[in-house]
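Heads up: the structure comes next, in structure tokens.
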Amino acid sequence: MSADSTAVEAQGLLAFWHSFRIPILVAGTALLIVLHVYHRFHWRLRVPSSSEPSLSGFKAWPQEDPEGKRGIGVSSEKADSGSPLGVRITNKSTPGPKRVVGKQQWQKRTDHEGQRRDAASTSWIKPLIFFTSLTGSTEKFARGLGEELRSAAQEQSKGSERGGILPPEIHDLSYIDFDEYFIATPPPPPNTRHVYCFLIPTYNIDTIINTFLHHLNETHHDFRIDTAPLSSLAGYSVFGFGDREGWPTEEEGFCSQARELDRWMAKLTGRKRAYPLGVGDVKSDAQAALKEWSGGLLDILDEIAVTGGLGEGVVGSGDPLETDDEADDDGDSADSKTNIRSRGKKDSQTVIDLEDIQATLDNESLSGRKGLAPLPVDFTTPGKSPVQSMPSDLKEMVPKTSPTYSALTKQGYTIVGSHSGVKICRWTKSALRGRGSCYKYSFYGIRSHLCMETTPSLSCSNKCVFCWRHGTNPVGTTWRWKVDPPEMIFQGAKEGHYKKIKMLRGVPGVRAERFAEAMRIRHCALSLVGEPIFYPRINEFVSLLHGEGISSFLVCNAQHPEQLAALDRVTQLYVSIDASNRESLRRIDRPLHRDFWERFQRCLDIMREKRLIQRTVFRLTLVKGFNVEDEAVGYADLVEKALPGFVEVKGVTYCGTSSSAGAGLTMQNVPFYEEVAAFVVALGHELQRRGLKYGIAAEHAHSCCILIASERFLVNGRWHTRIDYDRFFELLEKEKTDGIPFRPEDYTKETEPWALWGNGGFDPSDQRVYKKGRNKAPAMKTDTLA
Ligand SMILES: Cc1cc2nc3c(=O)[nH]c(=O)nc-3n(C[C@H](O)[C@H](O)[C@H](O)COP(=O)(O)O)c2cc1C
Ligand code: SF4
């Protein structure tokens, strides 16, 4: 092709473009718009399948939630009872969020995982009817209720194999062992839960009902037992009989014991009141009222069988939202709160300890004592006689009219004078029944039914997270209250103790000979609550104990070095060692003293000096997550510093109070015995590594407690951790009269073989009572020291 012909073609094309360029441009633009629109529309319509990877990296929207847990799905007209929310979810696949339509149905309880699990698997309800009757009318009603429930059970068993009500059991409270039903619940048959039904008359005289209520009270307040040990029940309900002729109103005592029972059961079950308390006047409406109550109860039993729970938010459901006064009954409102409120603080919710208003009081005192607050007495200053320097118009620490007084008495304390307390310990009752003493029997030979637990000072300078005093005690760093004479405290404590022992005589299983022995106190544990050496006349008090041949175990919190140094000889002296370092101690003990760590260290120095004249003990309370992990080395440092005769290591007991919960303490913080044992072994190895002569001597697996002892108490290869009490008093007398001092090694006794490390620590002459369904295998030691 020539150059001329190419030029002609180009000219032709150019002429064509000039002639048709506008239609070409319009058509091209239109085509582009069509393509763009098509593209966008196509993507909108496209729904990726679940298996197809999406470009954006998100997974495709699920078509169906197999567990029905997510609130997604297409609406349907009919609710599906298989779904927890009563929601039916169809298979229709639709892009975008699904809508939920359906009505809320009876829900399975969701507040506790355990309960939800129970609900899923439980379909049978077994009612246990408890009654007591003196003149026979309540028994008649109880049998009638039994018949009613039995026929309901029969009726149901015709139609259903999936669950329902089982025939009831009837128990007369006068003939059963309370421990079997009211410390823990008896194990139910498979897929079954118990409901406790009570028919209870009221008597204003001493009957088995008093013993029963006292038992519930004790169980609830015992720091060794969960505060709600009956929470595995599906529910409970109480019906009371009374006589309106003699006791016309509630205030005048109509059905008062049924009311009290209802309150205790609410606490012990974690508020599982299945149906509200019913009451009937035996001379008028009892029959009709009972019929109405049993009808309602039957409905609820049905519902529990179907839904597995009591339902949420309904009256009497036992839901935590229920607004009765049971929480307050625990006395969680310390008097310090009341004091603050009465002092006109704006924020009534603020909890401020007495200590925190110390500055205010001090100022007022200095400026003419305007507020009439008592002068704080610094009895910590050595050389001063605190008693003499105290003003005479001081206030009482726990006046009878104070909320603290009623809170403590409700918890079972007998308040002695204005600042002391005494309480019967659970082990005392256990020993009276021949069911075993506390760990102090295994380690030191203290028989629990001969032991009085008391304190001459309900006040303390710490707010330990695991304290079981329910936040009811006054706290402070200085004594600024009226001081009761030691003779009066001693007398009052003994009277209170003996009175409580006497109340136990009707308890099933109490051994006559032990009951007689218990009427002579042989030991005193100055450890109840508060800080015994806070009491300015503690030495006189201890000397009164010794004067009557009562041995003294005194536990202090290592915060009052001067008082500790000034303390006369006791049979065994303890310091609580709740942590191995400053930060842990601050977190656990929540001390009020700013120089708590320095005070703590000084107390250890004093313990080191005292170890040569008396038995000294470190008491370690292990709280998982607070003071266990990696702290064995730290504890070994403390042992090395004070060289105590003994180190008692104990797992914390969860008391379930709001104060412990507020400190972040839960059941998860309670170590298993194996964990305590592993810690003890680690600590023992660390002590040996440092050349300190200690060994693991004894154990009381029953209460999760193990004893490390100095080899000063290892005689001819045998542990001598027990105390020869007769010898102690002999030596004490000699010391007093002739001035001959003695050493801890002078009053020891050989440890019983059953108490030695590895043997469990339960006295074979006592009767070991296992709760039904609990593991009977003795706890195994995990290791031994070489
Ligand atoms: C000595 C005595 C004291 C009583 N005290 C009260 C009372 O404080 N409050 C009350 O509501 N009923 C009281 N009652 C009435 C009984 O609770 C009532 O009669 C009941 O139904 C007795 O039941 P029982 O016979 O099955 O044991 C008392 C009855 C007696 C005999
Ligand atoms: S030593 Fe303590 S636990 Fe043991 S019986 Fe005495 S008060 Fe109770």
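Letters A, B, ... go to the chains of the structure tokens in the order shown; residues in each chain start at 1; ligands are counted from 1 in the same order.
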
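Near ligand 2, at distances of 9 Å or less and with only C-alpha atoms and all ligand atoms counted, sit the residues Lys423, Ile424, Cys425, Arg426, Trp427, Thr428, Lys429, Ala431, Ser437, Cys438, Tyr439, Lys440, Tyr441, Ile446, Arg447, Ser448, His449, Leu450, Cys451, Met452, Glu453, Thr454, His523, Cys524, Ala525, Leu526, Ser527, Leu528 and Phe553 of chain A.
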
Which residues are near ligand 1 in this structure, taking near to mean any atom at most 8 Å from a ligand atom and counting only C-alpha atoms and all ligand atoms? Format them as a VMD selection string. chain A and resid 132 to 140 200 to 205 241 to 244 246 to 248 252 to 257 281 to 283

Kindly export the residues of the current selection with N, CA and C atoms, as a PDB file, in the first residue's frame.
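Writing the result to selection_18.pdb gives the following:
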ATOM      1  N   THR A 132     -44.301 -31.099 113.504  1.00  0.00           N
ATOM      2  CA  THR A 132     -44.161 -31.475 114.900  1.00  0.00           C
ATOM      3  C   THR A 132     -45.487 -31.172 115.561  1.00  0.00           C
ATOM      4  N   SER A 133     -45.807 -31.910 116.624  1.00  0.00           N
ATOM      5  CA  SER A 133     -47.126 -31.749 117.225  1.00  0.00           C
ATOM      6  C   SER A 133     -47.071 -32.168 118.683  1.00  0.00           C
ATOM      7  N   LEU A 134     -47.607 -31.339 119.545  1.00  0.00           N
ATOM      8  CA  LEU A 134     -47.642 -31.725 120.956  1.00  0.00           C
ATOM      9  C   LEU A 134     -48.986 -32.330 121.305  1.00  0.00           C
ATOM     10  N   THR A 135     -50.047 -31.704 120.812  1.00  0.00           N
ATOM     11  CA  THR A 135     -51.361 -32.212 121.187  1.00  0.00           C
ATOM     12  C   THR A 135     -52.072 -32.903 120.034  1.00  0.00           C
ATOM     13  N   GLY A 136     -51.364 -33.108 118.952  1.00  0.00           N
ATOM     14  CA  GLY A 136     -51.872 -33.988 117.902  1.00  0.00           C
ATOM     15  C   GLY A 136     -52.547 -33.330 116.712  1.00  0.00           C
ATOM     16  N   SER A 137     -52.938 -32.053 116.826  1.00  0.00           N
ATOM     17  CA  SER A 137     -53.699 -31.485 115.700  1.00  0.00           C
ATOM     18  C   SER A 137     -52.820 -31.305 114.469  1.00  0.00           C
ATOM     19  N   THR A 138     -51.597 -30.851 114.655  1.00  0.00           N
ATOM     20  CA  THR A 138     -50.726 -30.627 113.493  1.00  0.00           C
ATOM     21  C   THR A 138     -50.393 -31.947 112.822  1.00  0.00           C
ATOM     22  N   GLU A 139     -50.241 -32.975 113.620  1.00  0.00           N
ATOM     23  CA  GLU A 139     -49.944 -34.284 113.028  1.00  0.00           C
ATOM     24  C   GLU A 139     -51.089 -34.720 112.109  1.00  0.00           C
ATOM     25  N   LYS A 140     -52.308 -34.483 112.556  1.00  0.00           N
ATOM     26  CA  LYS A 140     -53.480 -34.854 111.735  1.00  0.00           C
ATOM     27  C   LYS A 140     -53.454 -34.116 110.400  1.00  0.00           C
ATOM     28  N   ILE A 200     -46.140 -26.449 111.088  1.00  0.00           N
ATOM     29  CA  ILE A 200     -45.537 -26.149 112.393  1.00  0.00           C
ATOM     30  C   ILE A 200     -46.508 -25.372 113.284  1.00  0.00           C
ATOM     31  N   PRO A 201     -46.798 -25.892 114.467  1.00  0.00           N
ATOM     32  CA  PRO A 201     -47.562 -25.076 115.419  1.00  0.00           C
ATOM     33  C   PRO A 201     -46.617 -24.081 116.095  1.00  0.00           C
ATOM     34  N   THR A 202     -47.163 -23.209 116.906  1.00  0.00           N
ATOM     35  CA  THR A 202     -46.301 -22.302 117.676  1.00  0.00           C
ATOM     36  C   THR A 202     -46.573 -22.514 119.157  1.00  0.00           C
ATOM     37  N   TYR A 203     -45.514 -22.568 119.916  1.00  0.00           N
ATOM     38  CA  TYR A 203     -45.629 -22.676 121.379  1.00  0.00           C
ATOM     39  C   TYR A 203     -44.736 -21.628 122.016  1.00  0.00           C
ATOM     40  N   ASN A 204     -45.284 -20.930 122.975  1.00  0.00           N
ATOM     41  CA  ASN A 204     -44.440 -19.956 123.668  1.00  0.00           C
ATOM     42  C   ASN A 204     -43.748 -20.584 124.879  1.00  0.00           C
ATOM     43  N   ILE A 205     -43.692 -21.884 124.887  1.00  0.00           N
ATOM     44  CA  ILE A 205     -42.936 -22.590 125.919  1.00  0.00           C
ATOM     45  C   ILE A 205     -41.823 -23.362 125.210  1.00  0.00           C
ATOM     46  N   PHE A 241     -49.580 -23.175 112.351  1.00  0.00           N
ATOM     47  CA  PHE A 241     -50.838 -23.231 113.099  1.00  0.00           C
ATOM     48  C   PHE A 241     -50.682 -22.435 114.380  1.00  0.00           C
ATOM     49  N   GLY A 242     -51.711 -21.684 114.718  1.00  0.00           N
ATOM     50  CA  GLY A 242     -51.678 -20.927 115.970  1.00  0.00           C
ATOM     51  C   GLY A 242     -53.084 -20.784 116.516  1.00  0.00           C
ATOM     52  N   ASP A 243     -53.183 -19.973 117.512  1.00  0.00           N
ATOM     53  CA  ASP A 243     -54.462 -19.792 118.182  1.00  0.00           C
ATOM     54  C   ASP A 243     -54.705 -18.294 118.372  1.00  0.00           C
ATOM     55  N   ARG A 244     -55.638 -17.767 117.584  1.00  0.00           N
ATOM     56  CA  ARG A 244     -55.861 -16.316 117.639  1.00  0.00           C
ATOM     57  C   ARG A 244     -56.557 -15.880 118.924  1.00  0.00           C
ATOM     58  N   GLY A 246     -55.655 -16.748 121.953  1.00  0.00           N
ATOM     59  CA  GLY A 246     -54.599 -16.390 122.903  1.00  0.00           C
ATOM     60  C   GLY A 246     -53.574 -15.420 122.317  1.00  0.00           C
ATOM     61  N   TRP A 247     -53.373 -15.489 121.009  1.00  0.00           N
ATOM     62  CA  TRP A 247     -52.334 -14.681 120.351  1.00  0.00           C
ATOM     63  C   TRP A 247     -52.944 -14.069 119.089  1.00  0.00           C
ATOM     64  N   PRO A 248     -53.746 -13.018 119.287  1.00  0.00           N
ATOM     65  CA  PRO A 248     -54.579 -12.512 118.176  1.00  0.00           C
ATOM     66  C   PRO A 248     -53.804 -11.998 116.971  1.00  0.00           C
ATOM     67  N   GLU A 252     -48.354 -10.131 118.579  1.00  0.00           N
ATOM     68  CA  GLU A 252     -48.572 -10.782 119.878  1.00  0.00           C
ATOM     69  C   GLU A 252     -48.160 -12.261 119.861  1.00  0.00           C
ATOM     70  N   GLY A 253     -47.644 -12.693 118.719  1.00  0.00           N
ATOM     71  CA  GLY A 253     -47.066 -14.041 118.684  1.00  0.00           C
ATOM     72  C   GLY A 253     -47.842 -15.066 117.897  1.00  0.00           C
ATOM     73  N   PHE A 254     -48.841 -14.626 117.135  1.00  0.00           N
ATOM     74  CA  PHE A 254     -49.594 -15.612 116.363  1.00  0.00           C
ATOM     75  C   PHE A 254     -48.674 -16.269 115.313  1.00  0.00           C
ATOM     76  N   CYS A 255     -48.559 -17.554 115.409  1.00  0.00           N
ATOM     77  CA  CYS A 255     -47.733 -18.348 114.473  1.00  0.00           C
ATOM     78  C   CYS A 255     -46.298 -17.822 114.377  1.00  0.00           C
ATOM     79  N   SER A 256     -45.772 -17.311 115.447  1.00  0.00           N
ATOM     80  CA  SER A 256     -44.451 -16.672 115.361  1.00  0.00           C
ATOM     81  C   SER A 256     -43.353 -17.679 115.001  1.00  0.00           C
ATOM     82  N   GLN A 257     -43.498 -18.913 115.466  1.00  0.00           N
ATOM     83  CA  GLN A 257     -42.407 -19.855 115.172  1.00  0.00           C
ATOM     84  C   GLN A 257     -42.419 -20.311 113.718  1.00  0.00           C
ATOM     85  N   ASP A 281     -55.683 -20.435 111.961  1.00  0.00           N
ATOM     86  CA  ASP A 281     -56.090 -20.440 113.365  1.00  0.00           C
ATOM     87  C   ASP A 281     -56.747 -21.784 113.655  1.00  0.00           C
ATOM     88  N   VAL A 282     -56.153 -22.510 114.551  1.00  0.00           N
ATOM     89  CA  VAL A 282     -56.612 -23.866 114.797  1.00  0.00           C
ATOM     90  C   VAL A 282     -58.058 -23.877 115.296  1.00  0.00           C
ATOM     91  N   LYS A 283     -58.526 -22.746 115.849  1.00  0.00           N
ATOM     92  CA  LYS A 283     -59.908 -22.722 116.361  1.00  0.00           C
ATOM     93  C   LYS A 283     -60.900 -22.171 115.344  1.00  0.00           C
TER      94      LYS A 283
END

Using only C-alpha atoms, which protein or nucleic acid residues come within 8 Å of A:Ala579? Drop anything in the same chain fewer than 6 positions from it, and give the result as a list in words. Leu585, Ile588, Leu620, Asn627 and Tyr635 of chain A

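Closest approach to A:Arg590 from the set A:Ser442, A:Asn462, A:Asn557, A:Ser765 is made by A:Asn462, with distances taken over only C-alpha atoms.
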
Contact residues around A:Ser123 with only C-alpha atoms at 6 Å, ignoring same-chain residues under 4 positions, as a PyMOL selection string: chain A and resi 163+191+305

Store the residues picked out above in a file with C-alpha atoms, as an mmCIF file, in the first residue's frame.
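This went into again_12.cif:
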data_model
loop_
_atom_site.group_PDB
_atom_site.id
_atom_site.type_symbol
_atom_site.label_atom_id
_atom_site.label_comp_id
_atom_site.auth_asym_id
_atom_site.auth_seq_id
_atom_site.Cartn_x
_atom_site.Cartn_y
_atom_site.Cartn_z
ATOM 1 C CA GLY A 163 -41.794 -36.375 85.317
ATOM 2 C CA ASN A 191 -33.526 -36.862 88.139
ATOM 3 C CA ALA A 305 -41.511 -30.369 87.640
#

Nearest candidate to A:Trp757 (options A:Gly691, A:Gln601, A:Phe443, A:Phe729; using only C-alpha atoms): A:Phe443

Just list the residues in stretch 520-763 of chain A DSSP gives helix (DSSP H, G or I) on the backbone, as an NGL selection string. :A and (532-534 or 538-547 or 561-566 or 582-589 or 596-610 or 632-642 or 658-662 or 667-669 or 673-689 or 701-703 or 711-713 or 725-738 or 744-747 or 753-755)

Strand (DSSP E) residues, from DSSP on the backbone, in stretch 119-254 of chain A, as an mmCIF file with N, CA and C atoms, in the first residue's frame:
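Saved result, selection31.cif, follows:
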data_model
loop_
_atom_site.group_PDB
_atom_site.id
_atom_site.type_symbol
_atom_site.label_atom_id
_atom_site.label_comp_id
_atom_site.auth_asym_id
_atom_site.auth_seq_id
_atom_site.Cartn_x
_atom_site.Cartn_y
_atom_site.Cartn_z
ATOM 1 N N TRP A 124 -38.493 -34.911 88.226
ATOM 2 C CA TRP A 124 -39.333 -35.401 89.319
ATOM 3 C C TRP A 124 -39.144 -34.545 90.565
ATOM 4 N N ILE A 125 -40.223 -34.357 91.279
ATOM 5 C CA ILE A 125 -40.182 -33.583 92.525
ATOM 6 C C ILE A 125 -40.651 -34.481 93.661
ATOM 7 N N LYS A 126 -39.820 -34.557 94.697
ATOM 8 C CA LYS A 126 -40.233 -35.370 95.852
ATOM 9 C C LYS A 126 -40.453 -34.454 97.050
ATOM 10 N N PRO A 127 -41.723 -34.346 97.497
ATOM 11 C CA PRO A 127 -41.971 -33.512 98.678
ATOM 12 C C PRO A 127 -41.610 -34.263 99.962
ATOM 13 N N LEU A 128 -40.942 -33.566 100.867
ATOM 14 C CA LEU A 128 -40.714 -34.095 102.210
ATOM 15 C C LEU A 128 -41.518 -33.225 103.157
ATOM 16 N N ILE A 129 -42.450 -33.840 103.874
ATOM 17 C CA ILE A 129 -43.288 -33.069 104.804
ATOM 18 C C ILE A 129 -42.690 -33.205 106.209
ATOM 19 N N PHE A 130 -42.365 -32.081 106.816
ATOM 20 C CA PHE A 130 -41.866 -32.085 108.196
ATOM 21 C C PHE A 130 -42.928 -31.453 109.086
ATOM 22 N N PHE A 131 -43.170 -32.082 110.219
ATOM 23 C CA PHE A 131 -44.134 -31.492 111.150
ATOM 24 C C PHE A 131 -43.684 -31.773 112.569
ATOM 25 N N GLY A 164 -42.911 -35.348 87.166
ATOM 26 C CA GLY A 164 -44.065 -34.917 87.939
ATOM 27 C C GLY A 164 -43.761 -35.015 89.419
ATOM 28 N N ILE A 165 -44.826 -35.215 90.204
ATOM 29 C CA ILE A 165 -44.648 -35.266 91.655
ATOM 30 C C ILE A 165 -44.589 -36.721 92.109
ATOM 31 N N GLU A 169 -42.708 -38.032 101.539
ATOM 32 C CA GLU A 169 -42.261 -38.669 102.786
ATOM 33 C C GLU A 169 -42.698 -37.758 103.921
ATOM 34 N N ILE A 170 -43.078 -38.338 105.044
ATOM 35 C CA ILE A 170 -43.498 -37.501 106.179
ATOM 36 C C ILE A 170 -42.539 -37.734 107.345
ATOM 37 N N HIS A 171 -42.059 -36.655 107.942
ATOM 38 C CA HIS A 171 -41.115 -36.776 109.072
ATOM 39 C C HIS A 171 -41.556 -35.942 110.251
ATOM 40 N N ASP A 172 -41.569 -36.576 111.402
ATOM 41 C CA ASP A 172 -41.822 -35.853 112.652
ATOM 42 C C ASP A 172 -40.483 -35.277 113.133
ATOM 43 N N THR A 192 -34.325 -36.255 90.314
ATOM 44 C CA THR A 192 -35.341 -35.837 91.282
ATOM 45 C C THR A 192 -34.784 -34.748 92.169
ATOM 46 N N ARG A 193 -35.644 -33.832 92.567
ATOM 47 C CA ARG A 193 -35.243 -32.827 93.557
ATOM 48 C C ARG A 193 -36.274 -32.786 94.666
ATOM 49 N N HIS A 194 -35.773 -32.445 95.843
ATOM 50 C CA HIS A 194 -36.664 -32.390 96.999
ATOM 51 C C HIS A 194 -37.309 -31.018 97.151
ATOM 52 N N VAL A 195 -38.517 -31.029 97.661
ATOM 53 C CA VAL A 195 -39.144 -29.789 98.139
ATOM 54 C C VAL A 195 -39.533 -30.046 99.592
ATOM 55 N N TYR A 196 -39.087 -29.159 100.491
ATOM 56 C CA TYR A 196 -39.423 -29.313 101.907
ATOM 57 C C TYR A 196 -40.720 -28.567 102.211
ATOM 58 N N CYS A 197 -41.673 -29.274 102.838
ATOM 59 C CA CYS A 197 -42.937 -28.644 103.243
ATOM 60 C C CYS A 197 -43.046 -28.773 104.764
ATOM 61 N N PHE A 198 -43.315 -27.689 105.426
ATOM 62 C CA PHE A 198 -43.350 -27.704 106.893
ATOM 63 C C PHE A 198 -44.754 -27.379 107.403
ATOM 64 N N LEU A 199 -45.211 -28.178 108.360
ATOM 65 C CA LEU A 199 -46.419 -27.826 109.102
ATOM 66 C C LEU A 199 -46.010 -27.673 110.560
ATOM 67 N N ILE A 200 -46.140 -26.449 111.088
ATOM 68 C CA ILE A 200 -45.537 -26.149 112.393
ATOM 69 C C ILE A 200 -46.508 -25.372 113.284
ATOM 70 N N PRO A 201 -46.798 -25.892 114.467
ATOM 71 C CA PRO A 201 -47.562 -25.076 115.419
ATOM 72 C C PRO A 201 -46.617 -24.081 116.095
ATOM 73 N N GLY A 235 -37.128 -26.212 96.394
ATOM 74 C CA GLY A 235 -37.882 -25.153 97.061
ATOM 75 C C GLY A 235 -38.360 -25.616 98.422
ATOM 76 N N TYR A 236 -39.029 -24.713 99.133
ATOM 77 C CA TYR A 236 -39.605 -25.080 100.427
ATOM 78 C C TYR A 236 -40.822 -24.199 100.664
ATOM 79 N N SER A 237 -41.659 -24.626 101.590
ATOM 80 C CA SER A 237 -42.748 -23.746 102.023
ATOM 81 C C SER A 237 -43.183 -24.126 103.434
ATOM 82 N N VAL A 238 -43.701 -23.147 104.158
ATOM 83 C CA VAL A 238 -44.075 -23.359 105.565
ATOM 84 C C VAL A 238 -45.540 -23.004 105.762
ATOM 85 N N PHE A 239 -46.228 -23.833 106.540
ATOM 86 C CA PHE A 239 -47.573 -23.479 106.995
ATOM 87 C C PHE A 239 -47.601 -23.550 108.514
ATOM 88 N N GLY A 240 -48.089 -22.482 109.140
ATOM 89 C CA GLY A 240 -48.089 -22.427 110.604
ATOM 90 C C GLY A 240 -49.487 -22.516 111.187
ATOM 91 N N PHE A 241 -49.580 -23.175 112.351
ATOM 92 C CA PHE A 241 -50.838 -23.231 113.099
ATOM 93 C C PHE A 241 -50.682 -22.435 114.380
ATOM 94 N N GLY A 242 -51.711 -21.684 114.718
ATOM 95 C CA GLY A 242 -51.678 -20.927 115.970
ATOM 96 C C GLY A 242 -53.084 -20.784 116.516
#

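As for atom CA of A:Leu612 and atom CA of A:Thr455, they are spaced 25.9 Å apart.
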
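Between atom CA of A:Asp262 and atom CA of A:Val422 lies a distance of 27.0 Å.
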
Would you kindly return, as a ChimeraX atom specification, each protein, DNA or RNA residue with an atom no farther than 8 Å from any atom of A:Ala184, considering only C-alpha atoms and excluding same-chain residues fewer than 4 positions away? /A:179-180,229-230,771

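Distance check against A:Gly445 using only C-alpha atoms: of A:Tyr725, A:Pro23, A:Phe762, A:Ile706, the minimum falls on A:Tyr725.
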
Pick out the residues sitting within 8 Å of A:Gly760, and hand them over as a ChimeraX atom specification; count only C-alpha atoms, and ignore anything fewer than 3 positions along from it in its own chain. /A:699-702,754-757,778-779

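In this structure, atom CA of A:Ile521 sits 9.7 Å away from atom CA of A:Leu545.
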
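Closest approach to A:Glu752 from the set A:Val639, A:Glu245, A:Ser551, A:Tyr444 is made by A:Tyr444, with distances taken over only C-alpha atoms.
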
Near A:Asp766, counting only C-alpha atoms, which residues have an atom at most 9 Å away, once you skip same-chain residues fewer than 2 positions from it, shown as number ranges by chain? A: 431, 433-437, 762-764, 768

Dump of N, CA and C atoms for the selected residues, as a PDB file, in the first residue's frame:
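What landed in again.pdb:
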ATOM      1  N   ALA A 431     -18.666 -32.528 119.526  1.00  0.00           N
ATOM      2  CA  ALA A 431     -17.990 -33.335 120.545  1.00  0.00           C
ATOM      3  C   ALA A 431     -18.997 -33.881 121.558  1.00  0.00           C
ATOM      4  N   ARG A 433     -21.842 -34.853 121.006  1.00  0.00           N
ATOM      5  CA  ARG A 433     -22.538 -35.979 120.382  1.00  0.00           C
ATOM      6  C   ARG A 433     -21.579 -37.110 120.009  1.00  0.00           C
ATOM      7  N   GLY A 434     -20.317 -36.939 120.390  1.00  0.00           N
ATOM      8  CA  GLY A 434     -19.345 -37.986 120.080  1.00  0.00           C
ATOM      9  C   GLY A 434     -19.007 -38.046 118.608  1.00  0.00           C
ATOM     10  N   ARG A 435     -19.075 -36.902 117.948  1.00  0.00           N
ATOM     11  CA  ARG A 435     -18.833 -36.896 116.499  1.00  0.00           C
ATOM     12  C   ARG A 435     -17.538 -36.202 116.115  1.00  0.00           C
ATOM     13  N   GLY A 436     -16.684 -36.003 117.086  1.00  0.00           N
ATOM     14  CA  GLY A 436     -15.367 -35.445 116.763  1.00  0.00           C
ATOM     15  C   GLY A 436     -15.194 -34.017 117.247  1.00  0.00           C
ATOM     16  N   SER A 437     -13.938 -33.721 117.641  1.00  0.00           N
ATOM     17  CA  SER A 437     -13.586 -32.383 118.088  1.00  0.00           C
ATOM     18  C   SER A 437     -12.885 -31.651 116.969  1.00  0.00           C
ATOM     19  N   PHE A 762      -8.504 -37.970 112.694  1.00  0.00           N
ATOM     20  CA  PHE A 762      -9.801 -38.138 113.346  1.00  0.00           C
ATOM     21  C   PHE A 762      -9.688 -39.178 114.451  1.00  0.00           C
ATOM     22  N   ASP A 763     -10.096 -38.804 115.647  1.00  0.00           N
ATOM     23  CA  ASP A 763     -10.004 -39.699 116.804  1.00  0.00           C
ATOM     24  C   ASP A 763     -10.882 -40.927 116.581  1.00  0.00           C
ATOM     25  N   PRO A 764     -10.286 -42.121 116.548  1.00  0.00           N
ATOM     26  CA  PRO A 764     -11.092 -43.316 116.258  1.00  0.00           C
ATOM     27  C   PRO A 764     -12.135 -43.618 117.332  1.00  0.00           C
ATOM     28  N   ARG A 768     -17.266 -41.091 113.275  1.00  0.00           N
ATOM     29  CA  ARG A 768     -17.166 -40.234 112.093  1.00  0.00           C
ATOM     30  C   ARG A 768     -18.495 -40.277 111.366  1.00  0.00           C
TER      31      ARG A 768
END

With only C-alpha atoms as the atoms that count, which of A:Ile225, A:Leu145, A:Leu504, A:Met607 lies nearest to A:Pro167? A:Leu145

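Each of A:Gly634, A:Ile209, A:Tyr275, A:Asp726 was checked against A:Ala258 using only C-alpha atoms; the smallest atom-to-atom distance is that of A:Ile209.
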